[in-house]
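start-v4.txt (compact mmCIF, N, CA and C atoms) appears below.
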# COMPACT_ATOMS: atom_id res chain seq x y z
N MET A 1 -9.39 -6.66 -14.80
CA MET A 1 -9.02 -8.01 -15.19
C MET A 1 -10.14 -8.94 -14.70
N GLN A 2 -10.78 -9.59 -15.62
CA GLN A 2 -12.00 -10.33 -15.34
C GLN A 2 -11.82 -11.55 -14.43
N ASP A 3 -10.87 -12.39 -14.70
CA ASP A 3 -10.73 -13.67 -14.00
C ASP A 3 -9.58 -13.69 -13.00
N LYS A 4 -9.09 -12.53 -12.59
CA LYS A 4 -7.92 -12.52 -11.71
C LYS A 4 -8.23 -13.23 -10.39
N PRO A 5 -7.24 -13.90 -9.82
CA PRO A 5 -7.46 -14.62 -8.56
C PRO A 5 -7.83 -13.66 -7.43
N VAL A 6 -8.77 -14.08 -6.62
CA VAL A 6 -9.13 -13.33 -5.42
C VAL A 6 -8.38 -14.00 -4.27
N ILE A 7 -7.33 -13.35 -3.81
CA ILE A 7 -6.45 -13.93 -2.80
C ILE A 7 -6.77 -13.32 -1.44
N LYS A 8 -7.26 -14.15 -0.52
CA LYS A 8 -7.51 -13.68 0.85
C LYS A 8 -6.22 -13.73 1.65
N THR A 9 -5.56 -14.89 1.65
CA THR A 9 -4.26 -15.04 2.31
C THR A 9 -3.38 -15.95 1.45
N ALA A 10 -2.08 -15.75 1.55
CA ALA A 10 -1.11 -16.58 0.83
C ALA A 10 0.25 -16.39 1.47
N ILE A 11 1.10 -17.39 1.29
CA ILE A 11 2.47 -17.34 1.80
C ILE A 11 3.42 -17.20 0.60
N PRO A 12 4.25 -16.13 0.58
CA PRO A 12 5.24 -16.02 -0.49
C PRO A 12 6.26 -17.16 -0.38
N LYS A 13 6.44 -17.89 -1.47
CA LYS A 13 7.40 -19.00 -1.51
C LYS A 13 8.71 -18.59 -2.18
N ARG A 14 8.58 -17.77 -3.23
CA ARG A 14 9.76 -17.29 -3.97
C ARG A 14 9.45 -15.92 -4.55
N ARG A 15 10.52 -15.15 -4.79
CA ARG A 15 10.40 -13.86 -5.47
C ARG A 15 11.48 -13.80 -6.54
N TYR A 16 11.11 -13.16 -7.65
CA TYR A 16 12.03 -13.04 -8.78
C TYR A 16 12.00 -11.61 -9.31
N GLN A 17 13.07 -11.25 -9.98
CA GLN A 17 13.14 -10.03 -10.78
C GLN A 17 13.38 -10.49 -12.21
N ILE A 18 12.54 -10.03 -13.13
CA ILE A 18 12.73 -10.38 -14.54
C ILE A 18 12.41 -9.14 -15.37
N GLY A 19 13.46 -8.55 -15.93
CA GLY A 19 13.29 -7.30 -16.66
C GLY A 19 12.72 -6.23 -15.75
N ASP A 20 11.67 -5.56 -16.20
CA ASP A 20 11.02 -4.51 -15.43
C ASP A 20 9.84 -5.03 -14.61
N PHE A 21 9.87 -6.31 -14.28
CA PHE A 21 8.80 -6.94 -13.51
C PHE A 21 9.35 -7.62 -12.27
N ALA A 22 8.57 -7.55 -11.20
CA ALA A 22 8.80 -8.38 -10.02
C ALA A 22 7.80 -9.52 -10.12
N ALA A 23 8.22 -10.72 -9.79
CA ALA A 23 7.33 -11.87 -9.84
C ALA A 23 7.33 -12.54 -8.47
N SER A 24 6.14 -12.74 -7.92
CA SER A 24 5.98 -13.39 -6.62
C SER A 24 5.27 -14.71 -6.80
N LEU A 25 5.88 -15.78 -6.27
CA LEU A 25 5.26 -17.10 -6.32
C LEU A 25 4.63 -17.35 -4.95
N LEU A 26 3.33 -17.53 -4.95
CA LEU A 26 2.56 -17.70 -3.72
C LEU A 26 2.10 -19.14 -3.55
N GLY A 27 2.05 -19.59 -2.31
CA GLY A 27 1.53 -20.91 -1.98
C GLY A 27 0.63 -20.80 -0.76
N GLU A 28 0.08 -21.93 -0.33
CA GLU A 28 -0.83 -21.98 0.82
C GLU A 28 -1.88 -20.89 0.70
N ILE A 29 -2.59 -20.89 -0.43
CA ILE A 29 -3.49 -19.83 -0.81
C ILE A 29 -4.91 -20.10 -0.34
N GLU A 30 -5.47 -19.12 0.32
CA GLU A 30 -6.90 -19.14 0.62
C GLU A 30 -7.53 -18.13 -0.33
N SER A 31 -8.40 -18.61 -1.19
CA SER A 31 -8.96 -17.72 -2.21
C SER A 31 -10.41 -17.38 -1.89
N GLY A 32 -10.84 -16.28 -2.46
CA GLY A 32 -12.21 -15.83 -2.31
C GLY A 32 -13.01 -16.03 -3.57
N ASP A 33 -12.51 -16.89 -4.47
CA ASP A 33 -13.26 -17.20 -5.69
C ASP A 33 -13.52 -18.71 -5.74
N ALA A 34 -14.06 -19.17 -6.83
CA ALA A 34 -14.49 -20.57 -6.94
C ALA A 34 -13.34 -21.55 -7.16
N ARG A 35 -12.14 -21.07 -7.44
CA ARG A 35 -11.02 -21.96 -7.74
C ARG A 35 -10.21 -22.29 -6.48
N THR A 36 -9.59 -23.47 -6.50
CA THR A 36 -8.66 -23.87 -5.45
C THR A 36 -7.27 -23.84 -6.05
N TYR A 37 -6.43 -22.95 -5.54
CA TYR A 37 -5.09 -22.75 -6.10
C TYR A 37 -4.04 -23.51 -5.31
N ARG A 38 -3.12 -24.14 -6.05
CA ARG A 38 -1.93 -24.73 -5.42
C ARG A 38 -0.85 -23.66 -5.34
N TYR A 39 -0.59 -22.99 -6.49
CA TYR A 39 0.39 -21.90 -6.57
C TYR A 39 -0.13 -20.82 -7.49
N ILE A 40 0.35 -19.60 -7.26
CA ILE A 40 0.09 -18.47 -8.16
C ILE A 40 1.42 -17.75 -8.34
N LEU A 41 1.77 -17.46 -9.60
CA LEU A 41 2.93 -16.64 -9.92
C LEU A 41 2.39 -15.33 -10.50
N ALA A 42 2.57 -14.23 -9.77
CA ALA A 42 2.02 -12.94 -10.16
C ALA A 42 3.14 -12.01 -10.62
N PHE A 43 2.98 -11.45 -11.81
CA PHE A 43 3.97 -10.54 -12.40
C PHE A 43 3.48 -9.10 -12.22
N VAL A 44 4.29 -8.28 -11.53
CA VAL A 44 3.92 -6.90 -11.25
C VAL A 44 4.92 -5.97 -11.95
N PRO A 45 4.42 -5.09 -12.84
CA PRO A 45 5.33 -4.13 -13.49
C PRO A 45 5.93 -3.18 -12.46
N MET A 46 7.19 -2.79 -12.64
CA MET A 46 7.84 -1.83 -11.75
C MET A 46 7.00 -0.56 -11.69
N GLY A 47 6.83 -0.03 -10.48
CA GLY A 47 6.06 1.19 -10.30
C GLY A 47 4.57 0.94 -10.13
N SER A 48 4.16 -0.30 -10.22
CA SER A 48 2.75 -0.65 -10.06
C SER A 48 2.58 -1.48 -8.79
N ARG A 49 1.36 -1.51 -8.29
CA ARG A 49 1.08 -2.32 -7.11
C ARG A 49 0.27 -3.55 -7.47
N GLU A 50 -0.31 -3.56 -8.66
CA GLU A 50 -1.18 -4.65 -9.08
C GLU A 50 -0.52 -5.50 -10.16
N PRO A 51 -0.64 -6.81 -10.05
CA PRO A 51 -0.11 -7.68 -11.12
C PRO A 51 -0.83 -7.44 -12.44
N SER A 52 -0.09 -7.60 -13.53
CA SER A 52 -0.69 -7.48 -14.86
C SER A 52 -0.79 -8.84 -15.55
N PHE A 53 -0.17 -9.87 -14.93
CA PHE A 53 -0.18 -11.21 -15.52
C PHE A 53 -0.06 -12.23 -14.40
N TYR A 54 -0.85 -13.30 -14.51
CA TYR A 54 -0.81 -14.39 -13.53
C TYR A 54 -0.62 -15.73 -14.24
N VAL A 55 0.13 -16.61 -13.60
CA VAL A 55 0.16 -18.02 -13.97
C VAL A 55 -0.29 -18.76 -12.71
N CYS A 56 -1.31 -19.60 -12.86
CA CYS A 56 -1.91 -20.27 -11.70
C CYS A 56 -1.88 -21.78 -11.87
N SER A 57 -1.59 -22.47 -10.78
CA SER A 57 -1.76 -23.91 -10.69
C SER A 57 -3.03 -24.12 -9.87
N GLU A 58 -4.06 -24.66 -10.53
CA GLU A 58 -5.36 -24.86 -9.89
C GLU A 58 -5.64 -26.35 -9.74
N VAL A 59 -6.31 -26.70 -8.67
CA VAL A 59 -6.73 -28.09 -8.51
C VAL A 59 -7.80 -28.38 -9.56
N THR A 60 -7.60 -29.44 -10.32
CA THR A 60 -8.55 -29.84 -11.36
C THR A 60 -9.80 -30.42 -10.71
N PRO A 61 -10.99 -30.01 -11.14
CA PRO A 61 -12.21 -30.62 -10.60
C PRO A 61 -12.18 -32.14 -10.82
N PRO A 62 -12.69 -32.93 -9.86
CA PRO A 62 -12.61 -34.39 -9.95
C PRO A 62 -13.13 -34.97 -11.27
N ALA A 63 -14.17 -34.40 -11.81
CA ALA A 63 -14.74 -34.93 -13.05
C ALA A 63 -13.82 -34.74 -14.26
N GLN A 64 -12.83 -33.84 -14.12
CA GLN A 64 -11.92 -33.54 -15.23
C GLN A 64 -10.48 -33.92 -14.93
N SER A 65 -10.25 -34.69 -13.87
CA SER A 65 -8.88 -34.93 -13.43
C SER A 65 -8.18 -36.12 -14.10
N ALA A 66 -8.77 -36.69 -15.13
CA ALA A 66 -8.13 -37.82 -15.80
C ALA A 66 -6.78 -37.44 -16.40
N ASP A 67 -6.62 -36.19 -16.85
CA ASP A 67 -5.37 -35.74 -17.46
C ASP A 67 -4.35 -35.27 -16.43
N GLY A 68 -4.78 -35.02 -15.21
CA GLY A 68 -3.86 -34.56 -14.18
C GLY A 68 -4.59 -33.87 -13.06
N ARG A 69 -3.92 -33.77 -11.92
CA ARG A 69 -4.56 -33.18 -10.74
C ARG A 69 -4.54 -31.65 -10.74
N TYR A 70 -3.70 -31.04 -11.59
CA TYR A 70 -3.58 -29.58 -11.59
C TYR A 70 -3.68 -29.02 -13.00
N ARG A 71 -4.35 -27.86 -13.08
CA ARG A 71 -4.44 -27.13 -14.36
C ARG A 71 -3.54 -25.92 -14.30
N LEU A 72 -2.88 -25.63 -15.40
CA LEU A 72 -2.03 -24.45 -15.52
C LEU A 72 -2.83 -23.40 -16.30
N ARG A 73 -3.14 -22.29 -15.64
CA ARG A 73 -3.96 -21.24 -16.25
C ARG A 73 -3.15 -19.95 -16.34
N VAL A 74 -3.28 -19.23 -17.45
CA VAL A 74 -2.68 -17.90 -17.60
C VAL A 74 -3.81 -16.88 -17.65
N ILE A 75 -3.58 -15.74 -16.98
CA ILE A 75 -4.61 -14.71 -16.87
C ILE A 75 -3.96 -13.35 -17.09
N ASN A 76 -4.56 -12.56 -17.99
CA ASN A 76 -4.18 -11.15 -18.13
C ASN A 76 -5.44 -10.37 -18.50
N GLU A 77 -5.30 -9.13 -18.91
CA GLU A 77 -6.46 -8.31 -19.26
C GLU A 77 -7.30 -8.91 -20.37
N ALA A 78 -6.66 -9.59 -21.31
CA ALA A 78 -7.35 -10.06 -22.50
C ALA A 78 -7.84 -11.50 -22.42
N MET A 79 -7.32 -12.30 -21.49
CA MET A 79 -7.69 -13.72 -21.50
C MET A 79 -7.55 -14.38 -20.14
N SER A 80 -8.21 -15.52 -20.05
CA SER A 80 -8.05 -16.45 -18.94
C SER A 80 -8.16 -17.82 -19.60
N GLU A 81 -7.02 -18.52 -19.68
CA GLU A 81 -6.99 -19.75 -20.48
C GLU A 81 -6.18 -20.84 -19.79
N VAL A 82 -6.75 -22.04 -19.77
CA VAL A 82 -6.01 -23.21 -19.29
C VAL A 82 -5.10 -23.66 -20.42
N VAL A 83 -3.80 -23.74 -20.14
CA VAL A 83 -2.83 -24.10 -21.18
C VAL A 83 -2.33 -25.54 -21.05
N ASP A 84 -2.54 -26.17 -19.87
CA ASP A 84 -2.11 -27.55 -19.70
C ASP A 84 -2.75 -28.11 -18.44
N THR A 85 -2.84 -29.43 -18.39
CA THR A 85 -3.31 -30.15 -17.21
C THR A 85 -2.35 -31.31 -16.97
N ALA A 86 -1.77 -31.38 -15.77
CA ALA A 86 -0.82 -32.44 -15.45
C ALA A 86 -0.55 -32.45 -13.94
N ASP A 87 -0.14 -33.60 -13.44
CA ASP A 87 0.22 -33.72 -12.02
C ASP A 87 1.42 -32.84 -11.66
N GLN A 88 2.33 -32.63 -12.61
CA GLN A 88 3.58 -31.90 -12.31
C GLN A 88 3.36 -30.45 -11.88
N TRP A 89 2.21 -29.85 -12.18
CA TRP A 89 1.98 -28.45 -11.82
C TRP A 89 1.69 -28.30 -10.33
N GLY A 90 1.67 -29.42 -9.59
CA GLY A 90 1.59 -29.38 -8.15
C GLY A 90 2.96 -29.33 -7.49
N ASP A 91 4.02 -29.48 -8.28
CA ASP A 91 5.40 -29.43 -7.79
C ASP A 91 5.93 -28.00 -7.90
N LEU A 92 6.44 -27.47 -6.81
CA LEU A 92 6.89 -26.08 -6.76
C LEU A 92 7.94 -25.77 -7.83
N ASP A 93 8.96 -26.60 -7.95
CA ASP A 93 10.03 -26.32 -8.91
C ASP A 93 9.54 -26.37 -10.36
N ALA A 94 8.74 -27.39 -10.69
CA ALA A 94 8.22 -27.52 -12.05
C ALA A 94 7.30 -26.34 -12.38
N PHE A 95 6.45 -25.97 -11.43
CA PHE A 95 5.55 -24.85 -11.66
C PHE A 95 6.33 -23.55 -11.84
N ALA A 96 7.31 -23.30 -10.97
CA ALA A 96 8.09 -22.07 -11.05
C ALA A 96 8.79 -21.95 -12.40
N GLU A 97 9.41 -23.03 -12.84
CA GLU A 97 10.13 -23.00 -14.13
C GLU A 97 9.18 -22.70 -15.28
N GLN A 98 8.06 -23.40 -15.34
CA GLN A 98 7.11 -23.20 -16.43
C GLN A 98 6.42 -21.84 -16.32
N GLY A 99 6.09 -21.43 -15.10
CA GLY A 99 5.44 -20.13 -14.90
C GLY A 99 6.31 -18.98 -15.36
N LEU A 100 7.60 -19.04 -15.05
CA LEU A 100 8.52 -17.99 -15.50
C LEU A 100 8.63 -17.97 -17.02
N LYS A 101 8.66 -19.15 -17.65
CA LYS A 101 8.72 -19.22 -19.12
C LYS A 101 7.47 -18.60 -19.74
N LEU A 102 6.30 -18.98 -19.21
CA LEU A 102 5.05 -18.45 -19.76
C LEU A 102 4.96 -16.94 -19.56
N GLY A 103 5.36 -16.46 -18.38
CA GLY A 103 5.34 -15.03 -18.13
C GLY A 103 6.28 -14.26 -19.03
N ALA A 104 7.49 -14.77 -19.19
CA ALA A 104 8.48 -14.11 -20.06
C ALA A 104 7.97 -14.06 -21.50
N GLN A 105 7.37 -15.15 -21.95
CA GLN A 105 6.85 -15.21 -23.31
C GLN A 105 5.70 -14.21 -23.50
N ALA A 106 4.76 -14.19 -22.57
CA ALA A 106 3.59 -13.32 -22.69
C ALA A 106 3.94 -11.84 -22.55
N LEU A 107 4.96 -11.54 -21.75
CA LEU A 107 5.31 -10.14 -21.48
C LEU A 107 6.47 -9.64 -22.33
N GLY A 108 6.94 -10.46 -23.27
CA GLY A 108 8.02 -10.05 -24.16
C GLY A 108 9.37 -9.96 -23.46
N LEU A 109 9.60 -10.85 -22.49
CA LEU A 109 10.83 -10.81 -21.70
C LEU A 109 11.75 -12.00 -21.97
N GLN A 110 11.63 -12.60 -23.16
CA GLN A 110 12.40 -13.81 -23.45
C GLN A 110 13.91 -13.59 -23.35
N ARG A 111 14.37 -12.38 -23.58
CA ARG A 111 15.81 -12.11 -23.53
C ARG A 111 16.29 -11.82 -22.10
N GLU A 112 15.36 -11.66 -21.19
CA GLU A 112 15.70 -11.35 -19.79
C GLU A 112 15.93 -12.64 -19.02
N GLN A 113 16.85 -12.61 -18.09
CA GLN A 113 17.14 -13.74 -17.23
C GLN A 113 16.48 -13.51 -15.88
N PRO A 114 15.59 -14.42 -15.43
CA PRO A 114 14.99 -14.23 -14.11
C PRO A 114 16.05 -14.38 -13.01
N VAL A 115 15.99 -13.49 -12.03
CA VAL A 115 16.90 -13.54 -10.89
C VAL A 115 16.06 -13.86 -9.66
N ARG A 116 16.40 -14.95 -8.99
CA ARG A 116 15.66 -15.34 -7.80
C ARG A 116 16.13 -14.48 -6.62
N LEU A 117 15.20 -13.83 -5.96
CA LEU A 117 15.51 -12.96 -4.83
C LEU A 117 15.22 -13.62 -3.49
N LEU A 118 14.27 -14.56 -3.46
CA LEU A 118 13.89 -15.24 -2.23
C LEU A 118 13.59 -16.69 -2.53
Show me the file's structure as C-alpha cells.
Amino acid sequence: MQDKPVIKTAIPKRRYQIGDFAASLLGEIESGDARTYRYILAFVPMGSREPSFYVCSEVTPPAQSADGRYRLRVINEAMSEVVDTADQWGDLDAFAEQGLKLGAQALGLQREQPVRLL
C-alpha cells in the first residue's frame, strides 16, 4: 500500500466491529511520514494483522486551509485520495461517523451495522 500512514505511536480512541472487519480509531498520533494526522480509522480484515483500508483526518497545510483545517483522505491498495476538506473532520464524533460510512461503502459493508466495542 503506497500511501499508508506510518504510525510511530497512537492512542486507541474507539474500536468497532463491522461485518468481517475490526476498525480502530486512533488519536494523538505521532507519524513517521510527512502528514500530520488528527485521527486515523483503520479497517483490518478478520484473520489479518494489517489494515486494508484507512480513513484519515489530516491537518491541512496552511496554504490550502481556506476550505477547512482538516482533510479527509481514504487510502487502500488502489488509491490515496482526499475526499473532503472541512473543520468538522477535527471532531471525533463527526470523523467517526463519516469514517465508518466511507469504510462501509468502500468495503461493501453497507448492510452491516457497526458495533462500538470501546
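Here the question is which of A:Glu50, A:Asp20, A:Glu28, A:Asp87 gets nearest to Gly108 of chain A using only C-alpha atoms, and that residue is A:Asp20.
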With the cut-off set at 8 Å and counting only N, CA and C atoms, tabulate each residue of segment 1-25 of chain A with an atom at most that distance from an atom of segment 67-86 of chain A, showing the nearest atom pair and its distance in Å to one decimal, ordered by chain and increasing number, as CSV.
residue,atom,partner,partner_atom,distance
A:Met1,CA,A:Glu77,CA,4.8
A:Gln2,N,A:Glu77,CA,5.8
A:Asp3,CA,A:Ser80,CA,6.3
A:Lys4,CA,A:Ile75,CA,6.5
A:Pro5,N,A:Ile75,CA,7.6
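Of note, atom N of Cys56 of chain A and atom C of Ile29 of chain A are spaced 13.0 Å apart.
You will find atom C of Asp91 of chain A at 15.0 Å from atom CA of Arg15 of chain A.
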Pick from A:Ala63, A:Ala22, A:Leu107, A:Leu92 nearest to Pro45 of chain A, counting only N, CA and C atoms: A:Ala22
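For the choices A:Leu109, A:Leu117, A:Leu100, A:Ala66, the atom-to-atom distance to Leu41 of chain A is smallest for A:Leu100 when using only N, CA and C atoms.
Atom to atom, atom CA of Arg38 of chain A and atom CA of Gly90 of chain A stand 6.4 Å apart.
Candidate residues A:Pro51, A:Phe43, A:Glu30, A:Leu25 were compared for distance to Ala96 of chain A, and the nearest is A:Leu25, using all atoms listed in the file.
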For segment 14-25 of chain A, supply all heavy atoms and format the output as a PDB file, keeping the file's coordinate frame.
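Written output follows (out.pdb):
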ATOM      1  N   ARG A  14       8.580 -17.770  -3.230  1.00  0.00           N
ATOM      2  CA  ARG A  14       9.760 -17.290  -3.970  1.00  0.00           C
ATOM      3  C   ARG A  14       9.450 -15.920  -4.550  1.00  0.00           C
ATOM      4  O   ARG A  14       8.294 -15.586  -4.812  1.00  0.00           O
ATOM      5  CB  ARG A  14      10.112 -18.239  -5.125  1.00  0.00           C
ATOM      6  CG  ARG A  14      10.543 -19.612  -4.652  1.00  0.00           C
ATOM      7  CD  ARG A  14      10.975 -20.463  -5.809  1.00  0.00           C
ATOM      8  NE  ARG A  14      11.334 -21.797  -5.350  1.00  0.00           N
ATOM      9  CZ  ARG A  14      11.607 -22.801  -6.150  1.00  0.00           C
ATOM     10  NH1 ARG A  14      11.573 -22.640  -7.459  1.00  0.00           N
ATOM     11  NH2 ARG A  14      11.926 -23.980  -5.656  1.00  0.00           N
ATOM     12  N   ARG A  15      10.520 -15.150  -4.790  1.00  0.00           N
ATOM     13  CA  ARG A  15      10.400 -13.860  -5.470  1.00  0.00           C
ATOM     14  C   ARG A  15      11.480 -13.800  -6.540  1.00  0.00           C
ATOM     15  O   ARG A  15      12.585 -14.290  -6.340  1.00  0.00           O
ATOM     16  CB  ARG A  15      10.558 -12.706  -4.493  1.00  0.00           C
ATOM     17  CG  ARG A  15       9.372 -12.583  -3.561  1.00  0.00           C
ATOM     18  CD  ARG A  15       9.300 -11.168  -2.975  1.00  0.00           C
ATOM     19  NE  ARG A  15       8.045 -11.019  -2.274  1.00  0.00           N
ATOM     20  CZ  ARG A  15       7.923 -11.068  -0.954  1.00  0.00           C
ATOM     21  NH1 ARG A  15       8.978 -11.236  -0.199  1.00  0.00           N
ATOM     22  NH2 ARG A  15       6.744 -10.923  -0.395  1.00  0.00           N
ATOM     23  N   TYR A  16      11.110 -13.160  -7.650  1.00  0.00           N
ATOM     24  CA  TYR A  16      12.030 -13.040  -8.780  1.00  0.00           C
ATOM     25  C   TYR A  16      12.000 -11.610  -9.310  1.00  0.00           C
ATOM     26  O   TYR A  16      11.008 -10.891  -9.161  1.00  0.00           O
ATOM     27  CB  TYR A  16      11.599 -13.963  -9.934  1.00  0.00           C
ATOM     28  CG  TYR A  16      11.558 -15.420  -9.589  1.00  0.00           C
ATOM     29  CD1 TYR A  16      10.387 -16.002  -9.104  1.00  0.00           C
ATOM     30  CD2 TYR A  16      12.669 -16.242  -9.752  1.00  0.00           C
ATOM     31  CE1 TYR A  16      10.327 -17.349  -8.787  1.00  0.00           C
ATOM     32  CE2 TYR A  16      12.618 -17.597  -9.443  1.00  0.00           C
ATOM     33  CZ  TYR A  16      11.453 -18.138  -8.965  1.00  0.00           C
ATOM     34  OH  TYR A  16      11.390 -19.480  -8.650  1.00  0.00           O
ATOM     35  N   GLN A  17      13.070 -11.250  -9.980  1.00  0.00           N
ATOM     36  CA  GLN A  17      13.140 -10.030 -10.780  1.00  0.00           C
ATOM     37  C   GLN A  17      13.380 -10.490 -12.210  1.00  0.00           C
ATOM     38  O   GLN A  17      14.302 -11.277 -12.464  1.00  0.00           O
ATOM     39  CB  GLN A  17      14.306  -9.149 -10.299  1.00  0.00           C
ATOM     40  CG  GLN A  17      14.463  -7.862 -11.064  1.00  0.00           C
ATOM     41  CD  GLN A  17      13.368  -6.883 -10.717  1.00  0.00           C
ATOM     42  OE1 GLN A  17      12.977  -6.754  -9.569  1.00  0.00           O
ATOM     43  NE2 GLN A  17      12.851  -6.201 -11.719  1.00  0.00           N
ATOM     44  N   ILE A  18      12.540 -10.030 -13.130  1.00  0.00           N
ATOM     45  CA  ILE A  18      12.730 -10.380 -14.540  1.00  0.00           C
ATOM     46  C   ILE A  18      12.410  -9.140 -15.370  1.00  0.00           C
ATOM     47  O   ILE A  18      11.272  -8.691 -15.425  1.00  0.00           O
ATOM     48  CB  ILE A  18      11.900 -11.613 -14.963  1.00  0.00           C
ATOM     49  CG1 ILE A  18      12.116 -11.933 -16.437  1.00  0.00           C
ATOM     50  CG2 ILE A  18      10.447 -11.484 -14.604  1.00  0.00           C
ATOM     51  CD1 ILE A  18      11.610 -13.289 -16.872  1.00  0.00           C
ATOM     52  N   GLY A  19      13.460  -8.550 -15.930  1.00  0.00           N
ATOM     53  CA  GLY A  19      13.290  -7.300 -16.660  1.00  0.00           C
ATOM     54  C   GLY A  19      12.720  -6.230 -15.750  1.00  0.00           C
ATOM     55  O   GLY A  19      13.194  -6.040 -14.636  1.00  0.00           O
ATOM     56  N   ASP A  20      11.670  -5.560 -16.200  1.00  0.00           N
ATOM     57  CA  ASP A  20      11.020  -4.510 -15.430  1.00  0.00           C
ATOM     58  C   ASP A  20       9.840  -5.030 -14.610  1.00  0.00           C
ATOM     59  O   ASP A  20       8.914  -4.294 -14.313  1.00  0.00           O
ATOM     60  CB  ASP A  20      10.544  -3.385 -16.359  1.00  0.00           C
ATOM     61  CG  ASP A  20      11.706  -2.591 -16.937  1.00  0.00           C
ATOM     62  OD1 ASP A  20      12.778  -2.572 -16.304  1.00  0.00           O
ATOM     63  OD2 ASP A  20      11.541  -1.994 -18.017  1.00  0.00           O
ATOM     64  N   PHE A  21       9.870  -6.310 -14.280  1.00  0.00           N
ATOM     65  CA  PHE A  21       8.800  -6.940 -13.510  1.00  0.00           C
ATOM     66  C   PHE A  21       9.350  -7.620 -12.270  1.00  0.00           C
ATOM     67  O   PHE A  21      10.429  -8.203 -12.286  1.00  0.00           O
ATOM     68  CB  PHE A  21       8.080  -8.009 -14.348  1.00  0.00           C
ATOM     69  CG  PHE A  21       7.193  -7.450 -15.412  1.00  0.00           C
ATOM     70  CD1 PHE A  21       7.719  -7.018 -16.615  1.00  0.00           C
ATOM     71  CD2 PHE A  21       5.824  -7.344 -15.212  1.00  0.00           C
ATOM     72  CE1 PHE A  21       6.908  -6.498 -17.613  1.00  0.00           C
ATOM     73  CE2 PHE A  21       5.005  -6.821 -16.196  1.00  0.00           C
ATOM     74  CZ  PHE A  21       5.540  -6.397 -17.403  1.00  0.00           C
ATOM     75  N   ALA A  22       8.570  -7.550 -11.200  1.00  0.00           N
ATOM     76  CA  ALA A  22       8.800  -8.380 -10.020  1.00  0.00           C
ATOM     77  C   ALA A  22       7.800  -9.520 -10.120  1.00  0.00           C
ATOM     78  O   ALA A  22       6.648  -9.314 -10.514  1.00  0.00           O
ATOM     79  CB  ALA A  22       8.557  -7.574  -8.755  1.00  0.00           C
ATOM     80  N   ALA A  23       8.220 -10.720  -9.790  1.00  0.00           N
ATOM     81  CA  ALA A  23       7.330 -11.870  -9.840  1.00  0.00           C
ATOM     82  C   ALA A  23       7.330 -12.540  -8.470  1.00  0.00           C
ATOM     83  O   ALA A  23       8.388 -12.842  -7.929  1.00  0.00           O
ATOM     84  CB  ALA A  23       7.772 -12.856 -10.921  1.00  0.00           C
ATOM     85  N   SER A  24       6.140 -12.740  -7.920  1.00  0.00           N
ATOM     86  CA  SER A  24       5.980 -13.390  -6.620  1.00  0.00           C
ATOM     87  C   SER A  24       5.270 -14.710  -6.800  1.00  0.00           C
ATOM     88  O   SER A  24       4.203 -14.764  -7.419  1.00  0.00           O
ATOM     89  CB  SER A  24       5.171 -12.515  -5.672  1.00  0.00           C
ATOM     90  OG  SER A  24       5.861 -11.341  -5.379  1.00  0.00           O
ATOM     91  N   LEU A  25       5.880 -15.780  -6.270  1.00  0.00           N
ATOM     92  CA  LEU A  25       5.260 -17.100  -6.320  1.00  0.00           C
ATOM     93  C   LEU A  25       4.630 -17.350  -4.950  1.00  0.00           C
ATOM     94  O   LEU A  25       5.326 -17.355  -3.940  1.00  0.00           O
ATOM     95  CB  LEU A  25       6.299 -18.161  -6.650  1.00  0.00           C
ATOM     96  CG  LEU A  25       5.749 -19.505  -7.109  1.00  0.00           C
ATOM     97  CD1 LEU A  25       6.795 -20.274  -7.900  1.00  0.00           C
ATOM     98  CD2 LEU A  25       5.229 -20.351  -5.986  1.00  0.00           C
TER      99      LEU A  25
END
